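Novice: Below you'll find protein28.txt; it's compact mmCIF, C-alpha atoms.
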```txt
# COMPACT_ATOMS: atom_id res chain seq x y z
CA MET A 1 -15.42 20.79 14.80
CA ARG A 2 -13.91 20.64 11.33
CA VAL A 3 -10.83 22.48 12.57
CA ILE A 4 -10.42 20.05 15.47
CA THR A 5 -10.67 16.96 13.22
CA ALA A 6 -8.18 18.48 10.76
CA ALA A 7 -5.76 19.45 13.55
CA PHE A 8 -5.98 15.97 15.10
CA ALA A 9 -5.48 14.22 11.75
CA ILE A 10 -2.51 16.39 10.80
CA ALA A 11 -0.89 16.07 14.25
CA ALA A 12 -1.32 12.26 14.23
CA GLY A 13 0.13 12.03 10.72
CA VAL A 14 3.15 14.22 11.56
CA ILE A 15 3.89 12.30 14.79
CA VAL A 16 3.73 8.91 13.06
CA LEU A 17 5.92 10.18 10.20
CA LEU A 18 8.52 11.71 12.55
CA GLY A 19 8.52 8.50 14.59
CA TYR A 20 9.77 6.64 11.51
CA PHE A 21 12.71 8.99 11.02
CA PHE A 22 13.83 9.88 14.55
CA GLN A 23 14.58 7.22 17.14
CA VAL A 24 13.32 9.14 20.19
CA GLU A 25 11.74 6.87 22.79
CA GLN A 26 8.81 9.18 23.67
CA LEU A 27 8.06 9.78 20.00
CA GLU A 28 8.23 6.05 19.30
CA LEU A 29 5.79 5.30 22.15
CA LEU A 30 3.41 7.97 20.93
CA ARG A 31 3.63 6.63 17.38
CA LEU A 32 2.82 3.08 18.50
CA ARG A 33 -0.06 4.34 20.66
CA LEU A 34 -1.56 6.25 17.74
CA ILE A 35 -1.22 3.24 15.44
CA ASP A 36 -2.92 1.05 18.05
CA TRP A 37 -5.84 3.48 18.23
CA ALA A 38 -6.08 3.52 14.45
CA ILE A 39 -6.18 -0.30 14.33
CA ILE A 40 -8.99 -0.40 16.91
CA ILE A 41 -10.96 2.22 14.98
CA ALA A 42 -10.39 0.29 11.72
CA ALA A 43 -11.75 -2.87 13.38
CA MET A 44 -14.86 -0.96 14.45
CA ALA A 45 -15.11 0.42 10.92
CA VAL A 46 -15.54 -3.16 9.66
CA LEU A 47 -18.65 -3.47 11.83
CA VAL A 48 -19.94 -0.14 10.50
CA GLY A 49 -19.21 -1.36 6.97
CA ILE A 50 -21.14 -4.59 7.56
CA TYR A 51 -24.04 -2.56 8.94
CA ASN A 52 -23.91 -0.46 5.76
CA LEU A 53 -23.93 -3.60 3.61
CA ALA A 54 -26.91 -5.03 5.52
CA ALA A 55 -28.81 -1.71 5.45
CA VAL A 56 -28.39 -1.39 1.67
CA GLN A 57 -29.67 -4.95 1.16
CA LEU A 58 -32.62 -4.36 3.51
CA GLU A 59 -33.53 -1.22 1.57
CA LYS A 60 -33.41 -3.25 -1.67
CA ILE A 61 -35.67 -5.92 -0.19
CA ARG A 62 -38.11 -3.33 1.20
CA ALA A 63 -38.34 -1.59 -2.18
CA GLY A 64 -38.73 -4.95 -3.95
CA GLN A 65 -35.89 -4.11 -6.31
CA LYS A 66 -34.59 -6.48 -8.95
CA GLY A 67 -32.34 -9.16 -7.44
CA SER A 68 -33.56 -8.54 -3.90
CA ILE A 69 -33.73 -12.32 -3.37
CA TYR A 70 -29.92 -12.29 -3.37
CA GLY A 71 -30.12 -9.70 -0.61
CA VAL A 72 -32.26 -12.11 1.45
CA VAL A 73 -29.70 -14.89 0.93
CA MET A 74 -26.87 -12.55 1.83
CA LEU A 75 -28.55 -11.33 5.02
CA LEU A 76 -29.42 -14.89 6.11
CA SER A 77 -25.87 -16.10 5.47
CA LEU A 78 -24.44 -13.09 7.26
CA GLY A 79 -26.70 -13.58 10.27
CA ILE A 80 -26.05 -17.32 10.56
CA THR A 81 -22.26 -17.18 10.16
CA PHE A 82 -21.98 -14.13 12.42
CA ALA A 83 -24.06 -15.78 15.16
CA PHE A 84 -22.15 -19.08 14.95
CA GLY A 85 -18.82 -17.24 14.84
CA LEU A 86 -19.78 -15.28 17.93
CA LEU A 87 -21.08 -18.33 19.85
CA LEU A 88 -18.54 -20.98 18.83
CA GLY A 89 -15.46 -18.85 18.15
CA PRO A 90 -13.54 -18.46 14.90
CA ASN A 91 -11.56 -21.73 15.31
CA ASN A 92 -14.60 -23.97 15.59
CA PRO A 93 -14.68 -26.70 12.84
CA PHE A 94 -18.23 -25.72 11.82
CA VAL A 95 -17.25 -22.08 11.34
CA ASN A 96 -14.13 -23.16 9.46
CA LEU A 97 -16.34 -25.34 7.26
CA ALA A 98 -18.35 -22.26 6.24
CA VAL A 99 -15.12 -20.73 4.95
CA ASN A 100 -13.49 -23.82 3.45
CA ALA A 101 -16.58 -25.42 1.95
CA VAL A 102 -18.43 -22.34 0.74
CA ILE A 103 -16.37 -19.18 0.44
CA VAL A 104 -13.14 -20.71 -0.91
CA PRO A 105 -14.84 -22.78 -3.70
CA VAL A 106 -17.01 -19.81 -4.72
CA GLU A 107 -13.95 -17.56 -4.98
CA ALA A 108 -12.08 -20.29 -6.87
CA SER A 109 -14.90 -20.53 -9.40
CA LEU A 110 -14.81 -16.75 -9.87
CA MET A 111 -11.06 -17.06 -10.47
CA ALA A 112 -11.77 -19.65 -13.18
CA ILE A 113 -14.31 -17.30 -14.81
CA LEU A 114 -11.69 -14.57 -14.63
CA ALA A 115 -9.22 -16.65 -16.67
CA VAL A 116 -11.79 -17.00 -19.48
CA THR A 117 -12.71 -13.30 -19.19
CA LEU A 118 -9.09 -12.24 -19.60
CA ILE A 119 -8.59 -14.38 -22.70
CA TYR A 120 -11.76 -12.88 -24.17
CA ALA A 121 -10.55 -9.36 -23.28
CA SER A 122 -7.23 -9.90 -25.04
CA ILE A 123 -9.01 -11.18 -28.16
CA ARG A 124 -11.21 -8.07 -28.17
CA LEU A 125 -8.26 -5.75 -27.59
CA PHE A 126 -7.65 -5.34 -31.33
CA ARG A 127 -11.29 -4.33 -31.79
CA ARG A 128 -10.88 -1.60 -29.22
CA ARG A 129 -7.73 -0.01 -30.60
CA VAL A 130 -5.00 -0.96 -33.03
CA ASP A 131 -1.68 0.76 -32.35
CA VAL A 132 1.95 -0.14 -31.81
CA MET A 133 1.58 -0.38 -28.02
CA THR A 134 -1.34 -2.79 -28.33
CA VAL A 135 0.63 -5.04 -30.69
CA LEU A 136 3.66 -4.98 -28.34
CA PHE A 137 1.42 -5.69 -25.32
CA LEU A 138 -0.17 -8.75 -26.90
CA LEU A 139 3.07 -9.98 -28.47
CA SER A 140 4.93 -9.86 -25.16
CA ALA A 141 2.04 -11.57 -23.35
CA VAL A 142 1.99 -14.43 -25.92
CA LEU A 143 5.80 -14.78 -25.95
CA PHE A 144 5.97 -14.95 -22.15
CA LEU A 145 3.19 -17.52 -22.04
CA LEU A 146 5.07 -19.64 -24.58
CA ALA A 147 8.32 -19.28 -22.65
CA ILE A 148 6.97 -20.30 -19.26
CA MET A 149 4.29 -22.85 -20.17
CA PRO A 150 4.99 -26.51 -19.40
CA THR A 151 4.99 -28.85 -22.41
CA PRO A 152 5.28 -32.66 -22.62
CA PHE A 153 8.69 -32.18 -24.29
CA GLY A 154 10.14 -29.91 -21.64
CA ALA A 155 10.95 -26.24 -22.08
CA LEU A 156 10.62 -24.75 -25.57
CA PRO A 157 13.94 -23.99 -27.29
CA GLY A 158 15.03 -20.40 -26.88
CA ASN A 159 12.72 -19.71 -23.94
CA TRP A 160 15.59 -18.29 -21.89
CA ILE A 161 16.09 -15.55 -24.51
CA ILE A 162 12.49 -14.44 -23.99
CA THR A 163 12.62 -14.64 -20.20
CA GLN A 164 16.03 -12.92 -19.99
CA PHE A 165 15.76 -10.26 -22.70
CA GLY A 166 11.98 -9.71 -22.50
CA GLY A 167 12.15 -9.96 -18.71
CA MET A 168 14.80 -7.25 -18.63
CA LEU A 169 12.53 -4.89 -20.60
CA SER A 170 9.38 -5.69 -18.63
CA ARG A 171 11.18 -5.43 -15.27
CA GLY A 172 12.54 -2.04 -16.30
CA GLY A 173 9.08 -0.89 -17.36
CA ALA A 174 7.51 -2.16 -14.14
CA ARG A 175 10.11 -0.34 -12.04
CA GLY A 176 9.44 2.85 -13.97
CA LEU A 177 5.71 2.53 -13.31
CA LEU A 178 6.28 1.79 -9.64
CA LEU A 179 8.57 4.82 -9.28
CA GLY A 180 5.84 7.03 -10.74
CA ILE A 181 3.25 5.50 -8.42
CA SER A 182 5.55 6.00 -5.41
CA LEU A 183 5.96 9.69 -6.26
CA GLY A 184 2.19 10.06 -6.68
CA THR A 185 1.60 8.35 -3.33
CA LEU A 186 4.18 10.61 -1.66
CA LEU A 187 2.51 13.77 -2.94
CA THR A 188 -0.98 12.51 -2.04
CA GLY A 189 0.22 11.83 1.50
CA LEU A 190 1.80 15.28 1.75
CA ARG A 191 -1.43 16.97 0.63
CA ILE A 192 -3.25 15.17 3.44
CA LEU A 193 -0.54 16.01 5.98
CA PHE A 194 -0.81 19.69 5.03
CA GLY A 195 -4.60 19.51 5.36
CA ILE A 196 -5.11 20.42 1.70
CA ASP A 197 -7.07 17.24 0.99
CA ARG A 198 -9.32 16.27 3.90
CA PRO A 199 -11.21 13.07 3.11
CA TYR A 200 -12.51 12.99 6.69
CA GLY A 201 -15.30 15.52 6.29
CA GLY A 202 -13.44 18.70 6.97
CA ASN A 203 -12.96 19.79 3.38
CA MET B 1 18.15 10.58 2.14
CA ALA B 2 14.43 9.71 2.45
CA LEU B 3 13.87 12.58 4.87
CA GLY B 4 15.67 14.94 2.46
CA LEU B 5 13.45 13.81 -0.43
CA LEU B 6 10.36 14.27 1.73
CA ALA B 7 11.44 17.76 2.83
CA LEU B 8 12.23 18.75 -0.76
CA ALA B 9 8.85 17.48 -1.95
CA ALA B 10 7.07 19.36 0.86
CA VAL B 11 8.84 22.66 0.11
CA LEU B 12 8.22 22.30 -3.62
CA LEU B 13 4.55 21.45 -3.04
CA VAL B 14 3.95 24.55 -0.91
CA ALA B 15 5.87 26.86 -3.26
CA LEU B 16 4.29 25.53 -6.44
CA THR B 17 0.78 25.56 -4.93
CA LEU B 18 1.16 29.26 -4.18
CA TRP B 19 2.45 29.83 -7.71
CA ARG B 20 -0.32 27.76 -9.32
CA ARG B 21 -2.97 29.80 -7.49
CA ARG B 22 -1.80 32.81 -9.47
CA SER B 23 -1.00 31.03 -12.70
CA PRO B 24 -3.05 27.86 -13.38
CA ALA B 25 -1.23 25.06 -15.21
CA THR B 26 -1.91 23.98 -18.76
CA LEU B 27 -2.37 20.23 -18.49
CA ARG B 28 -1.43 17.84 -21.27
CA HIS B 29 -4.29 16.08 -23.00
CA ILE B 30 -5.27 12.72 -21.47
CA ASP B 31 -8.10 11.01 -23.36
CA ALA B 32 -9.46 9.17 -20.32
CA TYR B 33 -9.93 12.33 -18.27
CA GLU B 34 -11.46 14.17 -21.23
CA ARG B 35 -13.95 11.34 -21.49
CA LEU B 36 -14.57 11.38 -17.75
CA ASN B 37 -15.45 15.08 -17.80
CA ARG B 38 -17.77 14.51 -20.77
CA SER B 39 -19.37 11.51 -19.07
CA VAL B 40 -20.09 13.46 -15.88
CA GLY B 41 -21.98 16.11 -17.83
CA LEU B 42 -23.80 13.48 -19.84
CA ALA B 43 -24.82 11.51 -16.73
CA VAL B 44 -26.39 14.63 -15.20
CA GLU B 45 -28.19 15.48 -18.45
CA ASN B 46 -29.65 12.10 -19.32
CA GLY B 47 -30.45 10.98 -15.78
CA THR B 48 -28.02 8.09 -15.61
CA ARG B 49 -25.65 7.31 -12.83
CA LEU B 50 -21.92 7.51 -12.27
CA HIS B 51 -20.37 4.56 -10.46
CA ILE B 52 -17.05 5.19 -8.77
CA SER B 53 -15.19 2.18 -7.48
CA LEU B 54 -12.33 2.95 -5.09
CA GLY B 55 -10.90 -0.55 -4.87
CA ARG B 56 -9.60 -2.29 -1.77
CA GLY B 57 -6.72 -0.02 -0.79
CA ASN B 58 -6.06 -0.55 2.91
CA LEU B 59 -5.25 2.81 4.45
CA PHE B 60 -2.64 1.21 6.74
CA THR B 61 -0.51 0.16 3.79
CA ALA B 62 1.19 1.97 0.89
CA ARG B 63 -1.79 0.85 -1.23
CA GLY B 64 -3.87 3.45 0.56
CA GLY B 65 -2.27 6.21 -1.53
CA SER B 66 -4.27 5.34 -4.63
CA ALA B 67 -7.48 5.19 -2.60
CA LEU B 68 -6.80 8.66 -1.21
CA ALA B 69 -6.19 9.94 -4.75
CA GLY B 70 -9.55 8.42 -5.69
CA LEU B 71 -11.21 10.20 -2.76
CA ALA B 72 -9.78 13.54 -3.91
CA MET B 73 -11.37 12.98 -7.31
CA LEU B 74 -14.62 11.76 -5.73
CA ARG B 75 -14.90 14.98 -3.70
CA ARG B 76 -14.99 17.03 -6.90
CA LEU B 77 -17.23 14.63 -8.84
CA SER B 78 -19.79 14.43 -6.04
CA GLU B 79 -20.00 18.23 -6.00
CA ARG B 80 -20.59 18.30 -9.75
CA THR B 81 -23.17 15.50 -9.85
CA SER B 82 -25.06 16.17 -6.61
CA VAL B 83 -27.81 18.01 -8.54
CA SER B 84 -28.44 14.95 -10.70
CA ASP B 85 -31.67 12.92 -10.38
CA ARG B 86 -29.55 9.87 -9.87
CA PRO B 87 -26.63 10.59 -7.55
CA PRO B 88 -23.33 8.76 -8.00
CA ILE B 89 -22.73 5.46 -6.23
CA VAL B 90 -19.38 4.75 -4.64
CA THR B 91 -18.24 1.21 -3.88
CA SER B 92 -15.16 0.00 -2.03
CA GLY B 93 -13.76 -3.18 -0.56
CA ASP B 94 -12.31 -1.77 2.64
CA ALA B 95 -14.42 -0.64 5.60
CA PRO B 96 -12.49 2.50 6.64
CA LEU B 97 -12.36 3.51 2.97
CA THR B 98 -16.15 3.15 2.76
CA ILE B 99 -16.62 5.48 5.72
CA LEU B 100 -14.25 8.00 4.15
CA SER B 101 -16.08 7.74 0.83
CA GLN B 102 -19.40 8.49 2.59
CA ASP B 103 -17.82 11.45 4.33
CA THR B 104 -16.33 12.71 1.08
CA LEU B 105 -19.66 12.36 -0.73
CA GLN B 106 -21.38 14.30 2.04
CA SER B 107 -18.74 17.05 1.81
CA GLY B 108 -19.36 17.30 -1.93
CA TYR B 109 -23.11 17.61 -1.41
CA ARG B 110 -22.58 20.21 1.32
CA ALA B 111 -20.31 22.25 -0.94
CA ALA B 112 -22.98 22.16 -3.65
CA GLY B 113 -25.63 23.30 -1.15
CA ALA B 114 -27.54 20.02 -1.42
CA GLU B 115 -26.65 18.23 1.80
CA ASP B 116 -30.26 17.13 2.34
CA GLN B 117 -30.03 15.10 -0.89
CA TYR B 118 -27.20 12.98 0.49
CA ARG B 119 -27.99 9.34 1.32
CA PHE B 120 -25.48 7.22 3.22
CA SER B 121 -26.44 4.21 1.06
CA THR B 122 -24.69 5.81 -1.94
CA GLY B 123 -21.33 4.92 -0.35
CA ARG B 124 -21.25 1.14 -0.12
CA LEU B 125 -19.01 -1.59 1.18
CA THR B 126 -19.53 -4.44 -1.28
CA GLY B 127 -17.16 -7.10 0.04
CA LEU B 128 -14.05 -7.55 2.10
CA SER B 129 -12.13 -10.05 -0.04
CA PRO B 130 -11.11 -9.40 -3.70
CA PHE B 131 -13.73 -11.59 -5.33
CA SER B 132 -16.53 -10.86 -2.88
CA TYR B 133 -15.87 -7.19 -3.60
CA ALA B 134 -16.15 -7.84 -7.34
CA ALA B 135 -19.25 -10.01 -6.86
CA GLY B 136 -20.91 -7.31 -4.75
CA THR B 137 -20.03 -4.52 -7.18
CA MET B 138 -21.16 -6.19 -10.41
CA PRO B 139 -24.93 -6.10 -9.67
CA ILE B 140 -24.69 -2.35 -8.95
CA MET B 141 -23.16 -1.78 -12.40
CA HIS B 142 -25.92 -3.87 -13.91
CA ASP B 143 -29.03 -2.76 -11.99
CA GLU B 144 -28.54 0.90 -11.09
CA ASN B 145 -28.70 2.55 -14.53
CA VAL B 146 -24.97 3.28 -14.59
CA SER B 147 -23.62 5.02 -17.71
CA THR B 148 -19.98 5.41 -16.61
CA ASN B 149 -17.84 3.29 -14.34
CA VAL B 150 -14.78 4.90 -12.82
CA PHE B 151 -12.33 2.42 -11.30
CA ILE B 152 -9.64 4.25 -9.42
CA GLY B 153 -7.63 2.76 -6.56
CA ASP B 154 -6.06 -0.52 -5.60
CA PHE B 155 -7.44 -3.50 -7.54
CA GLY B 156 -6.11 -6.96 -8.27
CA ALA B 157 -7.01 -9.53 -10.88
CA GLU B 158 -10.71 -9.16 -9.99
CA ALA B 159 -10.61 -5.97 -12.08
CA GLY B 160 -11.15 -8.26 -15.10
CA LEU B 161 -14.61 -9.22 -13.84
CA LEU B 162 -15.55 -5.59 -13.22
CA THR B 163 -14.50 -4.37 -16.68
CA GLU B 164 -16.25 -7.33 -18.30
CA GLU B 165 -19.50 -6.43 -16.50
CA SER B 166 -19.09 -2.83 -17.58
CA ASP B 167 -18.60 -3.95 -21.18
CA ARG B 168 -21.79 -6.03 -21.04
CA GLY B 169 -23.72 -2.97 -19.89
CA ASN B 170 -22.22 -0.85 -22.69
CA SER B 171 -21.08 1.72 -20.16
CA ASN B 172 -17.94 3.84 -20.30
CA VAL B 173 -14.90 2.71 -18.35
CA ILE B 174 -12.32 5.05 -16.86
CA ALA B 175 -9.77 2.89 -15.05
CA ALA B 176 -6.53 3.38 -13.16
CA SER B 177 -4.76 1.34 -10.52
CA ASP B 178 -1.50 1.29 -8.61
CA ASN B 179 -1.32 -2.49 -8.99
CA LEU B 180 0.62 -3.76 -12.03
CA SER B 181 -1.69 -6.76 -12.63
CA ALA B 182 -4.75 -4.52 -12.59
CA GLN B 183 -3.02 -2.03 -14.88
CA ALA B 184 -2.41 -4.79 -17.42
CA ILE B 185 -6.06 -5.86 -17.20
CA PHE B 186 -7.31 -2.29 -17.54
CA TYR B 187 -4.97 -1.80 -20.51
CA ALA B 188 -6.55 -4.78 -22.24
CA SER B 189 -10.13 -3.99 -21.38
CA SER B 190 -10.67 -0.24 -21.39
CA GLN B 191 -10.79 2.21 -24.28
CA ASP B 192 -8.40 4.81 -22.85
CA PRO B 193 -6.26 3.20 -20.17
CA LEU B 194 -4.47 5.29 -17.55
CA ILE B 195 -0.94 4.12 -16.93
CA GLY B 196 1.22 4.44 -13.80
CA GLU B 197 1.18 7.82 -12.11
CA GLU B 198 -1.63 9.12 -14.35
CA LEU B 199 -3.89 7.80 -11.59
CA PHE B 200 -2.64 10.55 -9.28
CA ALA B 201 -3.43 13.24 -11.87
CA ALA B 202 -7.17 12.62 -11.49
CA GLY B 203 -7.71 15.50 -9.07
CA ALA B 204 -5.97 18.02 -11.31
CA TYR B 205 -8.02 16.95 -14.35
CA VAL B 206 -11.39 17.22 -12.60
CA GLY B 207 -10.57 20.69 -11.28
CA ALA B 208 -9.70 19.89 -7.67
CA GLY B 209 -7.48 22.94 -7.36
CA ALA B 210 -4.01 24.43 -7.49
CA SER B 211 -2.46 21.96 -5.04
CA HIS B 212 -3.28 19.05 -7.36
CA GLU B 213 -1.72 20.84 -10.31
CA ALA B 214 1.32 21.67 -8.16
CA SER B 215 1.58 17.99 -7.18
CA LEU B 216 1.98 17.08 -10.85
CA ASN B 217 4.77 19.64 -11.21
CA VAL B 218 6.54 18.30 -8.11
CA GLN B 219 6.22 14.74 -9.41
CA ASP B 220 7.84 15.84 -12.68
CA ILE B 221 10.72 17.56 -10.87
CA LEU B 222 11.32 14.56 -8.60
CA ARG B 223 11.12 12.20 -11.57
CA TRP B 224 13.89 14.09 -13.35
CA LEU B 225 16.00 14.04 -10.18
CA ILE B 226 15.54 10.26 -9.93
CA ILE B 227 16.47 9.81 -13.60
CA LEU B 228 19.59 11.90 -13.01
CA ALA B 229 20.47 9.86 -9.91
CA ILE B 230 20.00 6.57 -11.83
CA LEU B 231 22.20 7.79 -14.70
CA ILE B 232 24.93 9.02 -12.35
CA GLY B 233 24.76 5.77 -10.36
CA ALA B 234 24.96 3.68 -13.54
CA GLY B 235 27.87 5.78 -14.83
CA LEU B 236 29.79 5.43 -11.56
CA THR B 237 29.16 1.67 -11.50
CA ILE B 238 30.47 1.33 -15.07
CA LEU B 239 33.57 3.34 -14.10
CA GLY B 240 34.04 1.07 -11.07
CA ALA B 241 33.68 3.86 -8.53
CA PRO B 242 32.34 2.84 -5.08
CA ILE B 243 28.74 4.05 -4.49
```
For the file at hand, write its structure as structure tokens.
Specialist:
Amino acid sequence: MRVITAAFAIAAGVIVLLGYFFQVEQLELLRLRLIDWAIIIAAMAVLVGIYNLAAVQLEKIRAGQKGSIYGVVMLLSLGITFAFGLLLGPNNPFVNLAVNAVIVPVEASLMAILAVTLIYASIRLFRRRVDVMTVLFLLSAVLFLLAIMPTPFGALPGNWIITQFGGMLSRGGARGLLLGISLGTLLTGLRILFGIDRPYGGN
Amino acid sequence: MALGLLALAAVLLVALTLWRRRSPATLRHIDAYERLNRSVGLAVENGTRLHISLGRGNLFTARGGSALAGLAMLRRLSERTSVSDRPPIVTSGDAPLTILSQDTLQSGYRAAGAEDQYRFSTGRLTGLSPFSYAAGTMPIMHDENVSTNVFIGDFGAEAGLLTEESDRGNSNVIAASDNLSAQAIFYASSQDPLIGEELFAAGAYVGAGASHEASLNVQDILRWLIILAILIGAGLTILGAPI
């Protein structure tokens, strides 16, 4: 079984990859068919994931673990929104209200907490480690904030020097990081294509 | 050009993997991975838990690469910690990734000869949007006796909430992401941040095998080739030659 799953995964990966490089009609059709299957499976995986989420919460409630009341709230909300979504359809105003009046404000409030958290983290950075890179990191963050922040008197004098010169350095650094990440991604993909890494149970 | 680079990388990977099987690489010292290896041993000894968060990397996008690198590391860690009283918990914010994480955990247990100890509830989907994922993960870090949090994969700004929660629980943080915003947050909020492609070195540093060490060598070779190409391109542009 493990050999079959590995062979199928490798074959699907190679076909999709070749389909990107060679414009052969049959290969292109096969590539699109495989991607369609993968999308359907991914959609089913969401249902499996939700089942997993519900099962973990049920287990917590059954064991009477700390915070299990939140599990009850979560399961009730999940059941109600899922049932209404299924009965009324995703475009129904009531279902939309559940998203716009509950989920969006909650996420916005978490975003606000995040802003405070990040300021706190940058203040504590010097307690964690004091080195040249840390000083440069904080200095560039403060300078960029000063350069782009709106003031009642308009832009601060000299802000273009920071955005141009500092921007040049940070853009260069970001491209360097992204190149490294691209190479890492490429090699990770190749290991999976060769069947060296098999995160689908065959390893 | 892209196909040539891919073919070169593939040939180098195969050749260097065979070479590394005979002659294992000497890896440079990375503080974060040293600490990770220490933390794994410590978690097994003192009965605490390892929490591995794989982020929200969708496997249909380029972001999936970091999640797959995280899975390679998870495979090795699950094998090493499967004998612990408190097995590791894996969280993710993408459903297919959750299924893969459960499969990887089970493989690790099987390799350690402890498949009957495996529980599917140790691989959890905690939310499908960035902040719901963070909100679902934070209680696990707080309530499940976690001593080390490993964040490896695709994260966004919500990484700030996760590292803050970890800090409150006085637990270790090992963090790496392919996302630049998350990297900046991890840099500010973890003791030994992992930068850029160091994320993809995780497998090699936890002993995942010769192919992971060979991957690092191939990355180095390709990096030098890219540097050379950039320098030649810049030189030709300065000289006014058509590229």
Novice: Any idea what the distance is between atom CA of B:Thr81 and atom CA of B:Ser129?
Specialist: 29.5 Å
Novice: Within 8 Å of chain A, which residues of chain B show up when using all atoms listed in the file, listed as a PyMOL selection string?
Specialist: chain B and resi 3+6+9-10+13+62+65-66+68-69+71-72+75+94-96+98-101+103-104+106-107+121+124-126+131-132+143+157-158+160-161+164+178+180+185+188-191+195-197+200+211+215+218-219+222-223
Novice: With a distance cut-off of 12 Å and all atoms listed in the file, select the neighbouring residues of A:Gly167, excluding the residue or stretch itself and same-chain residues fewer than 5 positions from it, and output the selection as JSON, numbers by chain.
Specialist: {"A": [140, 141, 143, 144, 147, 148, 159, 160, 161, 162, 172, 173, 174, 175]}
Novice: Could you tell me how far atom CA of B:Pro139 sits from atom CA of B:Leu42, in Å to one decimal place?
Specialist: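 Computed distance, atom CA of B:Leu42 to atom CA of B:Pro139, equals 22.1 Å.
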Novice: List as a PyMOL selection string the protein and nucleic acid residues near B:Asp154, meaning an atom at most 12 Å away when all atoms listed in the file are counted, but skip any in the same chain fewer than 6 places from it.
Specialist: (chain A and resi 181+185) or (chain B and resi 53-59+61-70+92-94+97+130+175-183+199)
Novice: Need the shell around B:Gly41: protein/DNA/RNA residues with any atom at most 9 Å away, counting only C-alpha atoms. Skip same-chain ones fewer than 4 positions apart. Format as a list of chain:residue names?
Specialist: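 So the residues in contact are B:Leu36, B:Asn37, B:Glu45, B:Asn46, B:Arg80, B:Thr81.
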Novice: Please, could you write that set of residues out with C-alpha atoms as a short mmCIF file (atom, residue, chain, number, x, y, z; two decimals), in the coordinates of the input?
Specialist:
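File out-v5.cif, as written:
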```cif
data_model
loop_
_atom_site.label_atom_id
_atom_site.label_comp_id
_atom_site.auth_asym_id
_atom_site.auth_seq_id
_atom_site.Cartn_x
_atom_site.Cartn_y
_atom_site.Cartn_z
CA LEU B 36 -14.57 11.38 -17.75
CA ASN B 37 -15.45 15.08 -17.80
CA GLU B 45 -28.19 15.48 -18.45
CA ASN B 46 -29.65 12.10 -19.32
CA ARG B 80 -20.59 18.30 -9.75
CA THR B 81 -23.17 15.50 -9.85
#
```
Novice: Quick one: everything within 10 Å of B:Thr48, counting only C-alpha atoms, minus sequence neighbours fewer than 3 positions away in the same chain. Send it as a list of chain:residue names.
Specialist: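 These residues fall inside the cut-off: B:Ser39, B:Val40, B:Leu42, B:Ala43, B:Val44, B:Glu45, B:His51, B:Ser84, B:Asp85, B:Arg86, B:Pro87, B:Pro88, B:Glu144, B:Asn145, B:Val146, B:Ser147, B:Thr148.
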Novice: So how many Å separate atom CA of B:Ala159 and atom CA of A:Leu145, to one decimal?
Specialist: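 Here the two named atoms are 20.6 Å from each other.
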Novice: So, counting all atoms listed in the file, which residue among B:Ala241, B:Leu105, B:Leu162, B:Val173 is closest to B:Ala135?
Specialist: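 Result for the nearest residue to B:Ala135: B:Leu162.
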Novice: How would stretch 83-92 of chain A of the given structure read as a file with N, CA and C atoms, as a PDB file, in the first residue's frame?
Specialist:
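The result, written out as selection30.pdb:
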```pdb
ATOM      1  N   ALA A  83     -25.641  24.594  10.167  1.00  0.00           N
ATOM      2  CA  ALA A  83     -27.010  24.224   9.807  1.00  0.00           C
ATOM      3  C   ALA A  83     -27.676  25.335   8.987  1.00  0.00           C
ATOM      4  N   PHE A  84     -27.515  26.585   9.460  1.00  0.00           N
ATOM      5  CA  PHE A  84     -28.133  27.701   8.716  1.00  0.00           C
ATOM      6  C   PHE A  84     -27.486  27.875   7.341  1.00  0.00           C
ATOM      7  N   GLY A  85     -26.175  27.704   7.280  1.00  0.00           N
ATOM      8  CA  GLY A  85     -25.474  27.802   5.999  1.00  0.00           C
ATOM      9  C   GLY A  85     -25.958  26.761   5.022  1.00  0.00           C
ATOM     10  N   LEU A  86     -26.206  25.568   5.535  1.00  0.00           N
ATOM     11  CA  LEU A  86     -26.648  24.453   4.695  1.00  0.00           C
ATOM     12  C   LEU A  86     -28.090  24.672   4.221  1.00  0.00           C
ATOM     13  N   LEU A  87     -28.946  25.172   5.139  1.00  0.00           N
ATOM     14  CA  LEU A  87     -30.365  25.346   4.816  1.00  0.00           C
ATOM     15  C   LEU A  87     -30.617  26.586   3.960  1.00  0.00           C
ATOM     16  N   LEU A  88     -29.976  27.696   4.324  1.00  0.00           N
ATOM     17  CA  LEU A  88     -30.288  28.975   3.671  1.00  0.00           C
ATOM     18  C   LEU A  88     -29.324  29.348   2.544  1.00  0.00           C
ATOM     19  N   GLY A  89     -28.185  28.679   2.500  1.00  0.00           N
ATOM     20  CA  GLY A  89     -27.180  29.011   1.474  1.00  0.00           C
ATOM     21  C   GLY A  89     -26.226  30.079   1.970  1.00  0.00           C
ATOM     22  N   PRO A  90     -25.034  30.129   1.394  1.00  0.00           N
ATOM     23  CA  PRO A  90     -24.009  31.046   1.908  1.00  0.00           C
ATOM     24  C   PRO A  90     -24.300  32.529   1.646  1.00  0.00           C
ATOM     25  N   ASN A  91     -25.213  32.844   0.691  1.00  0.00           N
ATOM     26  CA  ASN A  91     -25.487  34.256   0.382  1.00  0.00           C
ATOM     27  C   ASN A  91     -26.664  34.838   1.157  1.00  0.00           C
ATOM     28  N   ASN A  92     -27.250  34.034   2.016  1.00  0.00           N
ATOM     29  CA  ASN A  92     -28.387  34.512   2.812  1.00  0.00           C
ATOM     30  C   ASN A  92     -27.943  35.626   3.765  1.00  0.00           C
TER      31      ASN A  92
END
```
